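Take a look at the structure below.
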Amino acid sequence: MRIKNVRIYTMDDNDRVIDNGFVTVENGIITAVEEGSPSECGEDDIDGRGMTLYPGFIDAHTHMGLTSAGVGIEGEDLNEEFDPCTPQLRIIDGINPIDHSFEMARQAGITCVIVSPGSTNPIAGSIAAVKTAGKRIDKMVVKTVGMKLALGENPKLTYMDHEQSPATRMAVASIIRDNLYKAQRYMQDIEQAESESDLPDYDSAMEALLPLLRREIKAHFHCHRADDIFTAVRIANEFDLDYTLIHCTDGHIIAEELADEKVSCVVGPVICDRCKPEMAGLTPANAAVLKSHGLEVAVCTDHSEVPIEYLPISVGICIKHGLSFYDGLRSVTCTPAKIAGIFDRTGSVEVGKDADLVLFEGNPFEVMSSPVLVMIGGKTVGRDKV
């Protein structure tokens with residue numbers, strides 16, 4: 001099957017844009033990305049009629065399938081608020097793929113989302129990249145990509161209300177640091193064991209932190225305020241973690257300092273108010289300022305804080321406030337794929353990658369735009385006019 005007569009933003013490392021070309025898909029994988037017209041045609045080919053083809057959009061930070069409106073506590077699987085350190089929690093055990101938000105994502109051209117636990121716990125659990133089509137989460141998961149760590153107001157206020165630690169930012173950081181040190185010792189004991197009898201007793205929390213310490217997954221630090229952002233950087237450098245900054249609300253204030261760290265940032269939610277003290281510095285220019293200082297920037301909705309279908313509009317607002325169109329496109333395609341470590345699978349239109357594709361007639365970031373074709377893994381999950 002081919003999608004032909006389209007302009008193609010490949011979003012590959014060469015920034016290739018094909019003014020008129022076609023993409024061939026076989027068994028869910030892209031097998032050709034070429035200029036011009038195909039030498040042969042099939043009855044299932046799709047004529048794009050001069051429209052523009054992009055990689056399927058990716059939201060770099062969501063809580064998809066973990067919350068359901070209107071059903072109270074039964075619909076809340078976002079936060080385990082009774083233990084500040086829960087790295088052993090697996091995000092896939094909480095995601096409901098039948099949740100309506102997945103359909104809304106597909107309708108907006110979002111083909112993959114990064115799903116994270118909430119931010120009440122200093123160490124909250126694993127993070128996964130998930131395709132937005134499917135009924136069984138095991139078949140939708142691309143891979144486990146990170147560990148959720150949270151700083152600042154949310155963990156502090158959660159456990160202050162419970163009349164237990166942490167009740168200060170110092171204690172939040174201390175809990176993260178203490179458990180990373182324990183995991184380092186646990187890893188050393190495993191490596192130095194000469195026989196099975198020498199192995200330390202199994203500890204699910206410490207086991208879950210080993211991929212983080214080995215840099216096999218990233219630390220995703222929830223941080224809004226400038227001092228919390230620098231605490232994230234401090235801890236990451238102390239333990240040599242591969243990491244990204246989630247929200248990074250005050251990033252525009254400290255962009256020059258962050259540029260020295262060469263860290264990636266996931267900015268958002270964009271369409272929201274300054275709903276808590278640590279978000280006082282919120283500005284829709286944040287993404288543009290960070291990008292102007294050479295930082296890699298992805299834009300997120302933080303669904304359900306902002307509904308997932310407003311990801312393209314969020315990018316449009318960032319473009320309105322200084323981000324270039326191309327960098328806006330990067331922020332929901334190749335950049336989140338690279339941050340999540342799934343760029344080998346998705347995030348660009350290249351041979352060998354999953355056929356996650358969206359076709360638009362106009363600017364995809366304008367409020368009146370909707371995709372005319374959405375494809376995930378080579379299967380059409382939304383189609384109009386073609």
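Residues in the structure tokens are numbered from 1 in each chain, the chains being A, B, ... in the order shown, and ligands are numbered from 1 in the order shown.
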| said: Report as a list in words all protein, DNA and RNA residues lying within 8 Å of A:Tyr243, evaluated on only C-alpha atoms, omitting residues in the same chain fewer than 5 positions from it. | reply: Lys218, Ala219, His220, Phe221, Ala236, Val263 and Ser264 of chain A
Let's have the selection written as a PDB file, in the first residue's frame, with all heavy atoms.
```pdb
ATOM      1  N   LYS A 218      15.415   6.495  31.402  1.00  0.00           N
ATOM      2  CA  LYS A 218      15.669   7.862  31.857  1.00  0.00           C
ATOM      3  C   LYS A 218      14.900   8.174  33.133  1.00  0.00           C
ATOM      4  O   LYS A 218      13.820   7.636  33.377  1.00  0.00           O
ATOM      5  CB  LYS A 218      15.243   8.865  30.785  1.00  0.00           C
ATOM      6  CG  LYS A 218      16.242   9.039  29.661  1.00  0.00           C
ATOM      7  CD  LYS A 218      15.830  10.207  28.776  1.00  0.00           C
ATOM      8  CE  LYS A 218      16.879  10.423  27.679  1.00  0.00           C
ATOM      9  NZ  LYS A 218      16.518  11.537  26.797  1.00  0.00           N
ATOM     10  N   ALA A 219      15.459   9.089  33.902  1.00  0.00           N
ATOM     11  CA  ALA A 219      14.721   9.707  34.997  1.00  0.00           C
ATOM     12  C   ALA A 219      13.892  10.839  34.411  1.00  0.00           C
ATOM     13  O   ALA A 219      14.428  11.715  33.732  1.00  0.00           O
ATOM     14  CB  ALA A 219      15.683  10.240  36.049  1.00  0.00           C
ATOM     15  N   HIS A 220      12.586  10.797  34.664  1.00  0.00           N
ATOM     16  CA  HIS A 220      11.697  11.884  34.255  1.00  0.00           C
ATOM     17  C   HIS A 220      11.379  12.686  35.513  1.00  0.00           C
ATOM     18  O   HIS A 220      10.587  12.248  36.351  1.00  0.00           O
ATOM     19  CB  HIS A 220      10.421  11.336  33.625  1.00  0.00           C
ATOM     20  CG  HIS A 220      10.611  10.776  32.256  1.00  0.00           C
ATOM     21  ND1 HIS A 220       9.716  11.006  31.221  1.00  0.00           N
ATOM     22  CD2 HIS A 220      11.589   9.990  31.723  1.00  0.00           C
ATOM     23  CE1 HIS A 220      10.143  10.400  30.130  1.00  0.00           C
ATOM     24  NE2 HIS A 220      11.271   9.764  30.415  1.00  0.00           N
ATOM     25  N   PHE A 221      12.010  13.850  35.650  1.00  0.00           N
ATOM     26  CA  PHE A 221      11.855  14.676  36.848  1.00  0.00           C
ATOM     27  C   PHE A 221      10.701  15.662  36.671  1.00  0.00           C
ATOM     28  O   PHE A 221      10.787  16.578  35.840  1.00  0.00           O
ATOM     29  CB  PHE A 221      13.131  15.473  37.127  1.00  0.00           C
ATOM     30  CG  PHE A 221      14.227  14.703  37.794  1.00  0.00           C
ATOM     31  CD1 PHE A 221      15.272  14.169  37.044  1.00  0.00           C
ATOM     32  CD2 PHE A 221      14.239  14.531  39.173  1.00  0.00           C
ATOM     33  CE1 PHE A 221      16.313  13.476  37.666  1.00  0.00           C
ATOM     34  CE2 PHE A 221      15.264  13.842  39.796  1.00  0.00           C
ATOM     35  CZ  PHE A 221      16.297  13.306  39.044  1.00  0.00           C
ATOM     36  N   ALA A 236      20.598  14.214  39.302  1.00  0.00           N
ATOM     37  CA  ALA A 236      20.947  13.461  38.094  1.00  0.00           C
ATOM     38  C   ALA A 236      22.456  13.402  37.900  1.00  0.00           C
ATOM     39  O   ALA A 236      23.018  12.347  37.564  1.00  0.00           O
ATOM     40  CB  ALA A 236      20.277  14.085  36.879  1.00  0.00           C
ATOM     41  N   VAL A 263      20.447  19.474  28.627  1.00  0.00           N
ATOM     42  CA  VAL A 263      19.354  18.603  29.037  1.00  0.00           C
ATOM     43  C   VAL A 263      18.148  18.819  28.129  1.00  0.00           C
ATOM     44  O   VAL A 263      17.971  19.892  27.556  1.00  0.00           O
ATOM     45  CB  VAL A 263      18.977  18.886  30.515  1.00  0.00           C
ATOM     46  CG1 VAL A 263      18.442  20.299  30.680  1.00  0.00           C
ATOM     47  CG2 VAL A 263      17.971  17.877  31.028  1.00  0.00           C
ATOM     48  N   SER A 264      17.325  17.793  27.975  1.00  0.00           N
ATOM     49  CA  SER A 264      16.083  17.925  27.223  1.00  0.00           C
ATOM     50  C   SER A 264      14.954  18.333  28.162  1.00  0.00           C
ATOM     51  O   SER A 264      14.980  18.033  29.357  1.00  0.00           O
ATOM     52  CB  SER A 264      15.736  16.608  26.523  1.00  0.00           C
ATOM     53  OG  SER A 264      15.575  15.562  27.461  1.00  0.00           O
TER      54      SER A 264
END
```
Within 12 Å of stretch 345-366 of chain A, which residues of stretch 132-151 of chain A show up? Give each one with its shortest atom-to-atom distance in Å (one decimal) and the two atoms involved, counting only C-alpha atoms, rows by chain then rising residue number, as a tab-separated table.
```
residue	atom	partner	partner_atom	distance
A:Thr132	CA	A:Asp356	CA	10.4
A:Ala133	CA	A:Asp356	CA	10.7
A:Val141	CA	A:Arg345	CA	11.8
A:Val142	CA	A:Arg345	CA	8.2
A:Lys143	CA	A:Arg345	CA	10.2
```
| task | For atom CA of A:Lys320 and atom CA of A:Val289, quote the distance in Å rounded to one decimal. | result | 12.7 Å
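For A:Leu282, the list of residues within 12 Å, based on only C-alpha atoms and with local chain neighbours fewer than 2 positions off taken out, reads His224, Arg225, Ala226, His247, Cys248, Thr249, Asp250, Gly251, His252, Ile253, Val267, Gly268, Pro269, Val270, Ile271, Cys272, Asp273, Arg274, Cys275, Lys276, Pro277, Glu278, Met279, Ala280, Pro284, Ala285, Asn286 and Ala287 of chain A.
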Selected residues written out, N, CA, C and O atoms, as a CSV table (one decimal), in the first residue's frame:
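Written output follows (out_29.csv):
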```
chain,number,residue,atom,x,y,z
A,224,HIS,N,8.7,22.2,38.4
A,224,HIS,CA,8.2,23.5,37.8
A,224,HIS,C,9.2,24.7,38.2
A,224,HIS,O,9.6,25.4,37.3
A,225,ARG,N,9.4,24.9,39.5
A,225,ARG,CA,10.1,26.0,39.9
A,225,ARG,C,11.6,25.9,39.7
A,225,ARG,O,12.2,24.8,39.6
A,226,ALA,N,12.3,27.0,39.5
A,226,ALA,CA,13.7,27.0,39.1
A,226,ALA,C,14.6,26.2,40.1
A,226,ALA,O,15.4,25.5,39.6
A,247,HIS,N,7.8,19.4,32.5
A,247,HIS,CA,7.2,20.7,32.8
A,247,HIS,C,8.2,21.8,32.6
A,247,HIS,O,8.0,22.7,31.8
A,248,CYS,N,9.2,21.9,33.5
A,248,CYS,CA,10.3,22.9,33.4
A,248,CYS,C,9.7,24.3,33.2
A,248,CYS,O,10.1,25.1,32.4
A,249,THR,N,8.7,24.6,34.0
A,249,THR,CA,7.9,25.8,33.9
A,249,THR,C,8.8,27.1,34.0
A,249,THR,O,8.6,28.0,33.2
A,250,ASP,N,9.7,27.1,34.9
A,250,ASP,CA,10.6,28.3,35.0
A,250,ASP,C,11.8,28.2,34.1
A,250,ASP,O,12.8,29.0,34.2
A,251,GLY,N,11.8,27.3,33.1
A,251,GLY,CA,13.0,27.1,32.3
A,251,GLY,C,13.4,28.3,31.6
A,251,GLY,O,14.6,28.6,31.4
A,252,HIS,N,12.4,29.1,31.1
A,252,HIS,CA,12.8,30.4,30.4
A,252,HIS,C,13.6,31.4,31.3
A,252,HIS,O,14.3,32.2,30.7
A,253,ILE,N,13.4,31.2,32.6
A,253,ILE,CA,14.2,32.1,33.5
A,253,ILE,C,15.6,31.7,33.6
A,253,ILE,O,16.5,32.5,33.8
A,267,VAL,N,7.9,20.5,27.9
A,267,VAL,CA,7.2,21.7,28.3
A,267,VAL,C,5.7,21.5,28.2
A,267,VAL,O,5.1,21.0,27.2
A,268,GLY,N,5.0,21.9,29.3
A,268,GLY,CA,3.5,21.8,29.3
A,268,GLY,C,3.0,21.5,30.7
A,268,GLY,O,3.8,21.1,31.6
A,269,PRO,N,1.7,21.6,30.9
A,269,PRO,CA,0.7,21.9,29.9
A,269,PRO,C,0.8,23.4,29.6
A,269,PRO,O,1.2,24.3,30.4
A,270,VAL,N,0.4,23.7,28.4
A,270,VAL,CA,0.5,25.1,27.8
A,270,VAL,C,-0.8,25.8,28.0
A,270,VAL,O,-0.9,27.0,28.4
A,271,ILE,N,-1.9,25.1,27.8
A,271,ILE,CA,-3.3,25.7,27.9
A,271,ILE,C,-3.8,25.5,29.3
A,271,ILE,O,-4.5,24.5,29.6
A,272,CYS,N,-3.3,26.3,30.2
A,272,CYS,CA,-3.8,26.2,31.6
A,272,CYS,C,-3.5,27.5,32.3
A,272,CYS,O,-2.8,28.3,31.8
A,273,ASP,N,-4.0,27.6,33.6
A,273,ASP,CA,-3.7,28.8,34.3
A,273,ASP,C,-2.6,28.5,35.3
A,273,ASP,O,-2.1,27.4,35.4
A,274,ARG,N,-2.2,29.5,36.1
A,274,ARG,CA,-1.2,29.4,37.1
A,274,ARG,C,-1.9,28.9,38.3
A,274,ARG,O,-2.1,29.6,39.3
A,275,CYS,N,-2.2,27.6,38.3
A,275,CYS,CA,-3.1,27.0,39.3
A,275,CYS,C,-2.5,26.7,40.6
A,275,CYS,O,-3.2,26.3,41.6
A,276,LYS,N,-1.2,26.9,40.8
A,276,LYS,CA,-0.5,26.6,42.0
A,276,LYS,C,0.8,27.5,42.1
A,276,LYS,O,1.3,27.9,41.1
A,277,PRO,N,1.3,27.8,43.3
A,277,PRO,CA,2.4,28.7,43.5
A,277,PRO,C,3.6,28.5,42.6
A,277,PRO,O,4.2,29.4,42.0
A,278,GLU,N,4.0,27.2,42.5
A,278,GLU,CA,5.2,26.9,41.7
A,278,GLU,C,5.0,27.1,40.2
A,278,GLU,O,6.0,27.0,39.5
A,279,MET,N,3.8,27.4,39.7
A,279,MET,CA,3.6,27.7,38.3
A,279,MET,C,3.4,29.2,38.1
A,279,MET,O,2.9,29.6,37.0
A,280,ALA,N,3.8,30.0,39.0
A,280,ALA,CA,3.7,31.5,38.9
A,280,ALA,C,4.4,32.0,37.6
A,280,ALA,O,4.0,33.0,37.0
A,284,PRO,N,3.6,30.9,27.7
A,284,PRO,CA,3.6,30.1,26.5
A,284,PRO,C,4.9,30.4,25.6
A,284,PRO,O,5.1,29.7,24.7
A,285,ALA,N,5.7,31.3,26.0
A,285,ALA,CA,7.0,31.5,25.3
A,285,ALA,C,8.1,30.6,25.8
A,285,ALA,O,9.2,30.6,25.3
A,286,ASN,N,7.8,29.8,26.8
A,286,ASN,CA,8.8,28.9,27.4
A,286,ASN,C,9.5,28.0,26.4
A,286,ASN,O,10.8,28.0,26.4
A,287,ALA,N,8.8,27.4,25.6
A,287,ALA,CA,9.4,26.4,24.6
A,287,ALA,C,10.3,27.2,23.7
A,287,ALA,O,11.4,26.7,23.4
```
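In this comparison, which uses only C-alpha atoms, the residue of A:Gly94, A:Gly146, A:Gly109, A:Pro200 approaching A:Ile342 most closely is A:Gly146.
When DSSP reads the backbone of this structure, the residues of stretch 289-359 of chain A it assigns to strand (DSSP E) are Val297, Ala298, Val299, Leu357, Val358 and Leu359 of chain A.
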Expected file contents, prior selection, C-alpha atoms, as a PDB file, in the first residue's frame:
```pdb
ATOM      1  CA  VAL A 297      12.157  20.731  23.617  1.00  0.00           C
ATOM      2  CA  ALA A 298       9.030  18.583  23.440  1.00  0.00           C
ATOM      3  CA  VAL A 299       5.514  19.891  24.105  1.00  0.00           C
ATOM      4  CA  LEU A 357       1.527   8.542   9.877  1.00  0.00           C
ATOM      5  CA  VAL A 358      -0.847  11.511   9.763  1.00  0.00           C
ATOM      6  CA  LEU A 359      -2.067  13.421   6.721  1.00  0.00           C
TER       7      LEU A 359
END
```
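Using only C-alpha atoms, the smallest distance between any of A:Ile308, A:Cys85, A:Val33, A:Val386 and A:Ile8 comes from A:Val33.
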